[in-house]
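Trainee: Got entry.cif for you, mmCIF, C-alpha atoms:
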data_input
loop_
_atom_site.group_PDB
_atom_site.id
_atom_site.type_symbol
_atom_site.label_atom_id
_atom_site.label_comp_id
_atom_site.auth_asym_id
_atom_site.auth_seq_id
_atom_site.Cartn_x
_atom_site.Cartn_y
_atom_site.Cartn_z
ATOM 1 C CA MET N 679 0.000 0.000 0.000
ATOM 2 C CA PRO N 680 1.464 3.406 -0.938
ATOM 3 C CA VAL N 681 2.285 5.785 1.877
ATOM 4 C CA SER N 682 0.451 9.083 1.730
ATOM 5 C CA ILE N 683 2.346 12.114 2.947
ATOM 6 C CA CYS N 684 0.306 15.126 3.971
ATOM 7 C CA ASP N 685 0.789 18.704 5.096
ATOM 8 C CA LYS N 686 -1.905 18.452 7.760
ATOM 9 C CA TRP N 687 -3.848 15.771 9.547
ATOM 10 C CA MET N 688 -6.551 14.066 7.463
ATOM 11 C CA PRO N 689 -9.508 12.129 8.918
ATOM 12 C CA PRO N 690 -9.916 8.439 8.116
ATOM 13 C CA SER N 691 -12.663 7.024 5.927
ATOM 14 C CA PHE N 692 -16.036 6.103 7.413
ATOM 15 C CA GLY N 693 -15.769 3.047 9.668
ATOM 16 C CA TRP N 694 -12.070 3.540 10.395
ATOM 17 C CA ILE N 695 -10.297 4.983 13.436
ATOM 18 C CA LYS N 696 -7.043 6.833 12.917
ATOM 19 C CA CYS N 697 -4.582 6.405 15.765
ATOM 20 C CA ASN N 698 -1.757 8.927 15.799
ATOM 21 C CA THR N 699 1.172 7.922 18.008
ATOM 22 C CA ASP N 700 4.433 9.455 19.119
ATOM 23 C CA GLY N 701 7.220 8.764 21.550
ATOM 24 C CA ALA N 702 9.574 11.198 23.257
ATOM 25 C CA PHE N 703 12.906 10.319 24.862
ATOM 26 C CA ASP N 704 15.709 12.386 26.409
ATOM 27 C CA VAL N 705 19.050 10.562 26.122
ATOM 28 C CA ILE N 706 20.625 12.564 28.955
ATOM 29 C CA SER N 707 17.939 12.341 31.634
ATOM 30 C CA GLY N 708 16.164 9.204 30.405
ATOM 31 C CA ALA N 709 12.843 11.036 30.700
ATOM 32 C CA ASN N 710 10.337 9.628 28.259
ATOM 33 C CA GLY N 711 6.754 9.691 27.206
ATOM 34 C CA ALA N 712 4.399 8.205 24.678
ATOM 35 C CA GLY N 713 1.208 9.696 23.382
ATOM 36 C CA TYR N 714 -1.673 8.716 21.206
ATOM 37 C CA VAL N 715 -4.977 10.055 20.024
ATOM 38 C CA MET N 716 -7.790 8.098 18.346
ATOM 39 C CA ARG N 717 -10.042 10.021 15.963
ATOM 40 C CA ASP N 718 -12.907 8.951 13.731
ATOM 41 C CA PHE N 719 -14.048 10.151 10.292
ATOM 42 C CA THR N 720 -15.831 13.147 11.868
ATOM 43 C CA ARG N 721 -12.460 14.266 13.357
ATOM 44 C CA LYS N 722 -13.812 13.587 16.857
ATOM 45 C CA ALA N 723 -11.183 12.419 19.337
ATOM 46 C CA THR N 724 -12.586 9.331 21.029
ATOM 47 C CA LEU N 725 -9.633 8.636 23.321
ATOM 48 C CA CYS N 726 -6.168 10.001 24.009
ATOM 49 C CA ALA N 727 -3.347 9.181 26.374
ATOM 50 C CA SER N 728 -0.016 10.358 27.731
ATOM 51 C CA ILE N 729 2.009 7.441 29.061
ATOM 52 C CA VAL N 730 5.386 6.979 30.746
ATOM 53 C CA PHE N 731 7.196 3.671 30.198
ATOM 54 C CA ASP N 732 10.475 2.147 31.335
ATOM 55 C CA VAL N 733 12.382 2.603 28.068
ATOM 56 C CA HIS N 734 16.004 3.316 27.170
ATOM 57 C CA THR N 735 15.833 4.574 23.562
ATOM 58 C CA ALA N 736 13.712 6.780 21.341
ATOM 59 C CA GLU N 737 12.823 3.708 19.248
ATOM 60 C CA GLU N 738 11.464 1.967 22.358
ATOM 61 C CA ALA N 739 9.351 5.031 23.216
ATOM 62 C CA GLU N 740 7.937 5.117 19.668
ATOM 63 C CA ALA N 741 7.258 1.358 19.723
ATOM 64 C CA ARG N 742 5.591 1.583 23.125
ATOM 65 C CA ALA N 743 3.254 4.288 21.808
ATOM 66 C CA ILE N 744 2.202 1.969 18.959
ATOM 67 C CA TRP N 745 1.923 -0.944 21.415
ATOM 68 C CA ALA N 746 -0.294 1.092 23.771
ATOM 69 C CA VAL N 747 -2.729 2.275 21.107
ATOM 70 C CA LEU N 748 -3.033 -1.211 19.598
ATOM 71 C CA LYS N 749 -3.658 -2.727 23.031
ATOM 72 C CA LYS N 750 -6.393 -0.132 23.631
ATOM 73 C CA ALA N 751 -7.906 -0.735 20.169
ATOM 74 C CA VAL N 752 -8.228 -4.458 20.951
ATOM 75 C CA GLU N 753 -9.687 -3.724 24.410
ATOM 76 C CA GLN N 754 -12.226 -1.354 22.804
ATOM 77 C CA HIS N 755 -13.171 -4.013 20.194
ATOM 78 C CA LEU N 756 -12.251 -1.719 17.311
ATOM 79 C CA SER N 757 -11.998 -3.415 13.949
ATOM 80 C CA HIS N 758 -10.444 -1.051 11.368
ATOM 81 C CA ILE N 759 -7.586 1.179 12.455
ATOM 82 C CA ILE N 760 -4.791 3.169 10.891
ATOM 83 C CA ILE N 761 -1.667 3.676 12.994
ATOM 84 C CA GLU N 762 0.110 6.883 12.002
ATOM 85 C CA SER N 763 3.587 7.623 13.320
ATOM 86 C CA ASP N 764 6.619 9.691 12.401
ATOM 87 C CA ALA N 765 8.874 6.723 13.318
ATOM 88 C CA LYS N 766 9.551 5.805 9.687
ATOM 89 C CA ALA N 767 11.857 2.849 10.358
ATOM 90 C CA LEU N 768 9.292 1.187 12.633
ATOM 91 C CA ILE N 769 6.372 1.879 10.290
ATOM 92 C CA ASP N 770 8.329 0.500 7.320
ATOM 93 C CA GLN N 771 9.287 -2.580 9.360
ATOM 94 C CA PHE N 772 5.735 -3.300 10.553
ATOM 95 C CA SER N 773 4.198 -2.549 7.134
ATOM 96 C CA ALA N 774 6.545 -5.154 5.647
ATOM 97 C CA GLY N 775 5.316 -7.702 8.208
ATOM 98 C CA ASN N 776 8.647 -7.775 10.035
ATOM 99 C CA PHE N 777 8.080 -7.856 13.788
ATOM 100 C CA ASP N 778 11.565 -8.960 14.845
ATOM 101 C CA GLY N 779 13.249 -6.696 17.392
ATOM 102 C CA ASP N 780 16.402 -6.624 19.441
ATOM 103 C CA THR N 781 16.630 -7.788 23.050
ATOM 104 C CA ARG N 782 14.881 -4.621 24.305
ATOM 105 C CA THR N 783 12.121 -4.474 21.681
ATOM 106 C CA ASP N 784 11.415 -8.072 20.667
ATOM 107 C CA ALA N 785 8.596 -8.640 23.203
ATOM 108 C CA ILE N 786 7.022 -5.261 22.324
ATOM 109 C CA PHE N 787 7.131 -6.056 18.594
ATOM 110 C CA ILE N 788 5.633 -9.529 19.145
ATOM 111 C CA ASP N 789 2.772 -7.926 21.099
ATOM 112 C CA ILE N 790 2.271 -5.374 18.305
ATOM 113 C CA LEU N 791 1.944 -8.247 15.819
ATOM 114 C CA PHE N 792 -0.443 -10.104 18.158
ATOM 115 C CA PHE N 793 -2.683 -7.060 18.733
ATOM 116 C CA SER N 794 -2.715 -6.114 15.034
ATOM 117 C CA THR N 795 -3.884 -9.614 14.043
ATOM 118 C CA LYS N 796 -6.842 -9.319 16.455
ATOM 119 C CA LEU N 797 -8.240 -6.503 14.277
ATOM 120 C CA SER N 798 -10.081 -6.911 10.978
ATOM 121 C CA ALA N 799 -7.725 -4.389 9.400
ATOM 122 C CA CYS N 800 -4.651 -2.583 10.693
ATOM 123 C CA ILE N 801 -2.629 -0.256 8.495
ATOM 124 C CA PHE N 802 0.735 1.175 9.580
ATOM 125 C CA SER N 803 1.329 4.553 7.940
ATOM 126 C CA PHE N 804 4.259 6.953 8.154
ATOM 127 C CA GLN N 805 3.349 10.611 8.504
ATOM 128 C CA ARG N 806 5.642 13.545 9.076
ATOM 129 C CA ARG N 807 5.551 15.166 12.495
ATOM 130 C CA VAL N 808 3.519 18.109 11.139
ATOM 131 C CA CYS N 809 0.633 15.646 10.629
ATOM 132 C CA ASN N 810 1.162 14.116 14.054
ATOM 133 C CA SER N 811 1.339 17.161 16.335
ATOM 134 C CA VAL N 812 -1.397 16.073 18.771
ATOM 135 C CA ALA N 813 0.355 12.779 19.557
ATOM 136 C CA GLN N 814 3.649 14.648 19.859
ATOM 137 C CA GLU N 815 2.182 17.086 22.404
ATOM 138 C CA LEU N 816 0.712 14.185 24.399
ATOM 139 C CA ALA N 817 4.087 12.389 24.434
ATOM 140 C CA LEU N 818 5.898 15.560 25.521
ATOM 141 C CA TRP N 819 3.345 16.128 28.285
ATOM 142 C CA ALA N 820 3.990 12.620 29.653
ATOM 143 C CA LYS N 821 7.752 13.168 29.466
ATOM 144 C CA GLN N 822 7.653 16.583 31.147
ATOM 145 C CA ASN N 823 5.193 15.556 33.871
ATOM 146 C CA ASN N 824 6.461 11.983 34.354
ATOM 147 C CA SER N 825 2.813 11.006 34.506
ATOM 148 C CA THR N 826 0.423 8.639 32.753
ATOM 149 C CA MET N 827 -3.092 9.849 31.944
ATOM 150 C CA TYR N 828 -5.962 8.574 29.777
ATOM 151 C CA TRP N 829 -8.746 10.866 28.604
ATOM 152 C CA SER N 830 -12.062 10.030 26.919
ATOM 153 C CA LYS N 831 -12.511 13.779 26.327
ATOM 154 C CA LEU N 832 -9.634 15.930 25.193
ATOM 155 C CA PRO N 833 -7.878 17.818 27.988
ATOM 156 C CA VAL N 834 -8.327 21.572 27.596
ATOM 157 C CA TRP N 835 -4.626 22.217 26.998
ATOM 158 C CA ILE N 836 -4.518 20.013 23.856
ATOM 159 C CA ILE N 837 -7.625 21.479 22.146
ATOM 160 C CA PRO N 838 -5.717 24.309 20.360
ATOM 161 C CA THR N 839 -3.340 21.737 18.837
ATOM 162 C CA VAL N 840 -6.273 19.610 17.657
ATOM 163 C CA GLU N 841 -7.970 22.658 16.150
ATOM 164 C CA GLU N 842 -4.769 23.580 14.270
ATOM 165 C CA ASP N 843 -5.016 20.204 12.525
ATOM 166 C CA HIS N 844 -8.238 21.153 10.744
#
What's the structure tokens form of this structure?

Mentor:
Amino acid sequence: MPVSICDKWMPPSFGWIKCNTDGAFDVISGANGAGYVMRDFTRKATLCASIVFDVHTAEEAEARAIWAVLKKAVEQHLSHIIIESDAKALIDQFSAGNFDGDTRTDAIFIDILFFSTKLSACIFSFQRRVCNSVAQELALWAKQNNSTMYWSKLPVWIIPTVEEDH
């Protein structure tokens, strides 16, 4: 499937949920965060999260963000999702059906494969950071606050970023 590159966030087709993910990692302090937002074809955010994990690389933070949103998609009994991330190497790897990782990521990647096969359809899509700003802000919030939060309604502080997407 060809990768579509955009200049701003685009809603998914009817019946699909678009899940934007991002990870943030500071190599000096080790502070990290992952963020995701799920939106439907009407652009409505149905769920978002800022999560802190025990990770040691930026790749792990990015993978954990994808892991977290897929886990939530399975828990929510979603069927058709698009995972968008600016982690091109991971998206290319998962799109090619390669879920082999190193000693730190292998279990995460195996879970990502497991969760993705529980869905009717799961597309991994690379998007530049400009199309992924909400997930980026959520990941940075987790990193800066060293806190994990889940919201079924957007927190007030992220609404301006969501509105810039439109």

Trainee: First collect every listed atom of range 716-730 of chain N; then fit an axis-aligned box around them, widen it by 3 Å on each side, and give centre and edge lengths in Å to one decimal, as JSON.

Mentor:
{"center_x": -5.2, "center_y": 10.6, "center_z": 20.5, "size_x": 27.2, "size_y": 13.3, "size_z": 26.5}

Trainee: Under the PyMOL selection byres ((chain N and resi 730) around 7), which residues of this model are included? Write them out as JSON, numbers by chain.

Mentor: {"N": [710, 711, 712, 729, 731, 820, 821, 824, 825, 826]}

Trainee: What's the separation between CA of Ala817 in chain N and CA of His755 in chain N, in Å to one decimal place?

Mentor: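 Straight-line distance from CA of Ala817 in chain N to CA of His755 in chain N works out to 24.2 Å.
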
Trainee: For each of N:Cys697, N:Ala702, N:Ala741, N:Val808, take the minimum atom-to-atom distance to Ile788 in chain N, counting all atoms listed in the file, then give the residue where this is smallest.

Mentor: N:Ala741

Trainee: Take the PyMOL selection byres ((chain N and resi 725-727) around 6), apply it to the structure above, and return the hits as a VMD selection string.

Mentor: chain N and resid 713 to 716 723 to 724 728 827 to 830

Trainee: Using all atoms listed in the file, which protein or nucleic acid residues come within 7 Å of Ile695 in chain N? Drop anything in the same chain fewer than 2 positions from it, and give the result as a PyMOL selection string.

Mentor: chain N and resi 690+693+697+716-718+758-760

Trainee: For a quick check of understanding, using all atoms listed in the file, which of N:Val840, N:Ala746, N:Ala767, N:Val733 has the smallest distance to Cys809 in chain N?

Mentor: N:Val840

Trainee: If you measure from CA of Ala813 in chain N to CA of Ile706 in chain N, what distance in Å do you get, rounded to one decimal?

Mentor: 22.3 Å

Trainee: If we count only C-alpha atoms and set the cut-off at 12 Å, which residues sit around Ile801 in chain N, ignoring sequence neighbours fewer than 3 positions away in its own chain? Please answer as a PyMOL selection string.

Mentor: chain N and resi 679-682+690+694-698+744+748+757-763+769-770+772-775+791+794-795+797-798+804

Trainee: Grab the residues selected above and save them as a PDB file, in the coordinates of the input with C-alpha atoms.

Mentor:
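Below is the file that was written, again-v3.pdb:
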ATOM      1  CA  MET N 679       0.000   0.000   0.000  1.00  0.00           C
ATOM      2  CA  PRO N 680       1.464   3.406  -0.938  1.00  0.00           C
ATOM      3  CA  VAL N 681       2.285   5.785   1.877  1.00  0.00           C
ATOM      4  CA  SER N 682       0.451   9.083   1.730  1.00  0.00           C
ATOM      5  CA  PRO N 690      -9.916   8.439   8.116  1.00  0.00           C
ATOM      6  CA  TRP N 694     -12.070   3.540  10.395  1.00  0.00           C
ATOM      7  CA  ILE N 695     -10.297   4.983  13.436  1.00  0.00           C
ATOM      8  CA  LYS N 696      -7.043   6.833  12.917  1.00  0.00           C
ATOM      9  CA  CYS N 697      -4.582   6.405  15.765  1.00  0.00           C
ATOM     10  CA  ASN N 698      -1.757   8.927  15.799  1.00  0.00           C
ATOM     11  CA  ILE N 744       2.202   1.969  18.959  1.00  0.00           C
ATOM     12  CA  LEU N 748      -3.033  -1.211  19.598  1.00  0.00           C
ATOM     13  CA  SER N 757     -11.998  -3.415  13.949  1.00  0.00           C
ATOM     14  CA  HIS N 758     -10.444  -1.051  11.368  1.00  0.00           C
ATOM     15  CA  ILE N 759      -7.586   1.179  12.455  1.00  0.00           C
ATOM     16  CA  ILE N 760      -4.791   3.169  10.891  1.00  0.00           C
ATOM     17  CA  ILE N 761      -1.667   3.676  12.994  1.00  0.00           C
ATOM     18  CA  GLU N 762       0.110   6.883  12.002  1.00  0.00           C
ATOM     19  CA  SER N 763       3.587   7.623  13.320  1.00  0.00           C
ATOM     20  CA  ILE N 769       6.372   1.879  10.290  1.00  0.00           C
ATOM     21  CA  ASP N 770       8.329   0.500   7.320  1.00  0.00           C
ATOM     22  CA  PHE N 772       5.735  -3.300  10.553  1.00  0.00           C
ATOM     23  CA  SER N 773       4.198  -2.549   7.134  1.00  0.00           C
ATOM     24  CA  ALA N 774       6.545  -5.154   5.647  1.00  0.00           C
ATOM     25  CA  GLY N 775       5.316  -7.702   8.208  1.00  0.00           C
ATOM     26  CA  LEU N 791       1.944  -8.247  15.819  1.00  0.00           C
ATOM     27  CA  SER N 794      -2.715  -6.114  15.034  1.00  0.00           C
ATOM     28  CA  THR N 795      -3.884  -9.614  14.043  1.00  0.00           C
ATOM     29  CA  LEU N 797      -8.240  -6.503  14.277  1.00  0.00           C
ATOM     30  CA  SER N 798     -10.081  -6.911  10.978  1.00  0.00           C
ATOM     31  CA  PHE N 804       4.259   6.953   8.154  1.00  0.00           C
TER      32      PHE N 804
END

Trainee: With all atoms listed in the file as the basis for distance, which of N:Ser691, N:Ser707, N:Asn776, N:Thr839 is at the shortest distance from Glu815 in chain N?

Mentor: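 Going through N:Ser691, N:Ser707, N:Asn776, N:Thr839 one by one, the smallest distance to Glu815 in chain N is for N:Thr839.
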
Trainee: Mind pulling up the distance from CA of His734 in chain N to CA of Asp780 in chain N?

Mentor: 12.6 Å

Trainee: Determine, counting all atoms listed in the file, every residue of protein, DNA or RNA that lies within 7 Å of (6.6, -2.1, 19.6) in the file coordinates, then give the result as JSON, numbers by chain.

Mentor: {"N": [738, 741, 742, 744, 745, 783, 786, 787, 790]}

Trainee: Would you mind listing what lies within 12 Å of Trp835 in chain N as a ChimeraX atom specification, with all atoms listed in the file counted and same-chain residues fewer than 6 positions away left out?

Mentor: /N:812,815-816,819,841

Trainee: For a quick check of understanding, using all atoms listed in the file, which of N:Gly701, N:Arg721, N:Asp764, N:Ala709 has the smallest distance to Pro689 in chain N?

Mentor: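 Smallest distance to Pro689 in chain N is found for N:Arg721.
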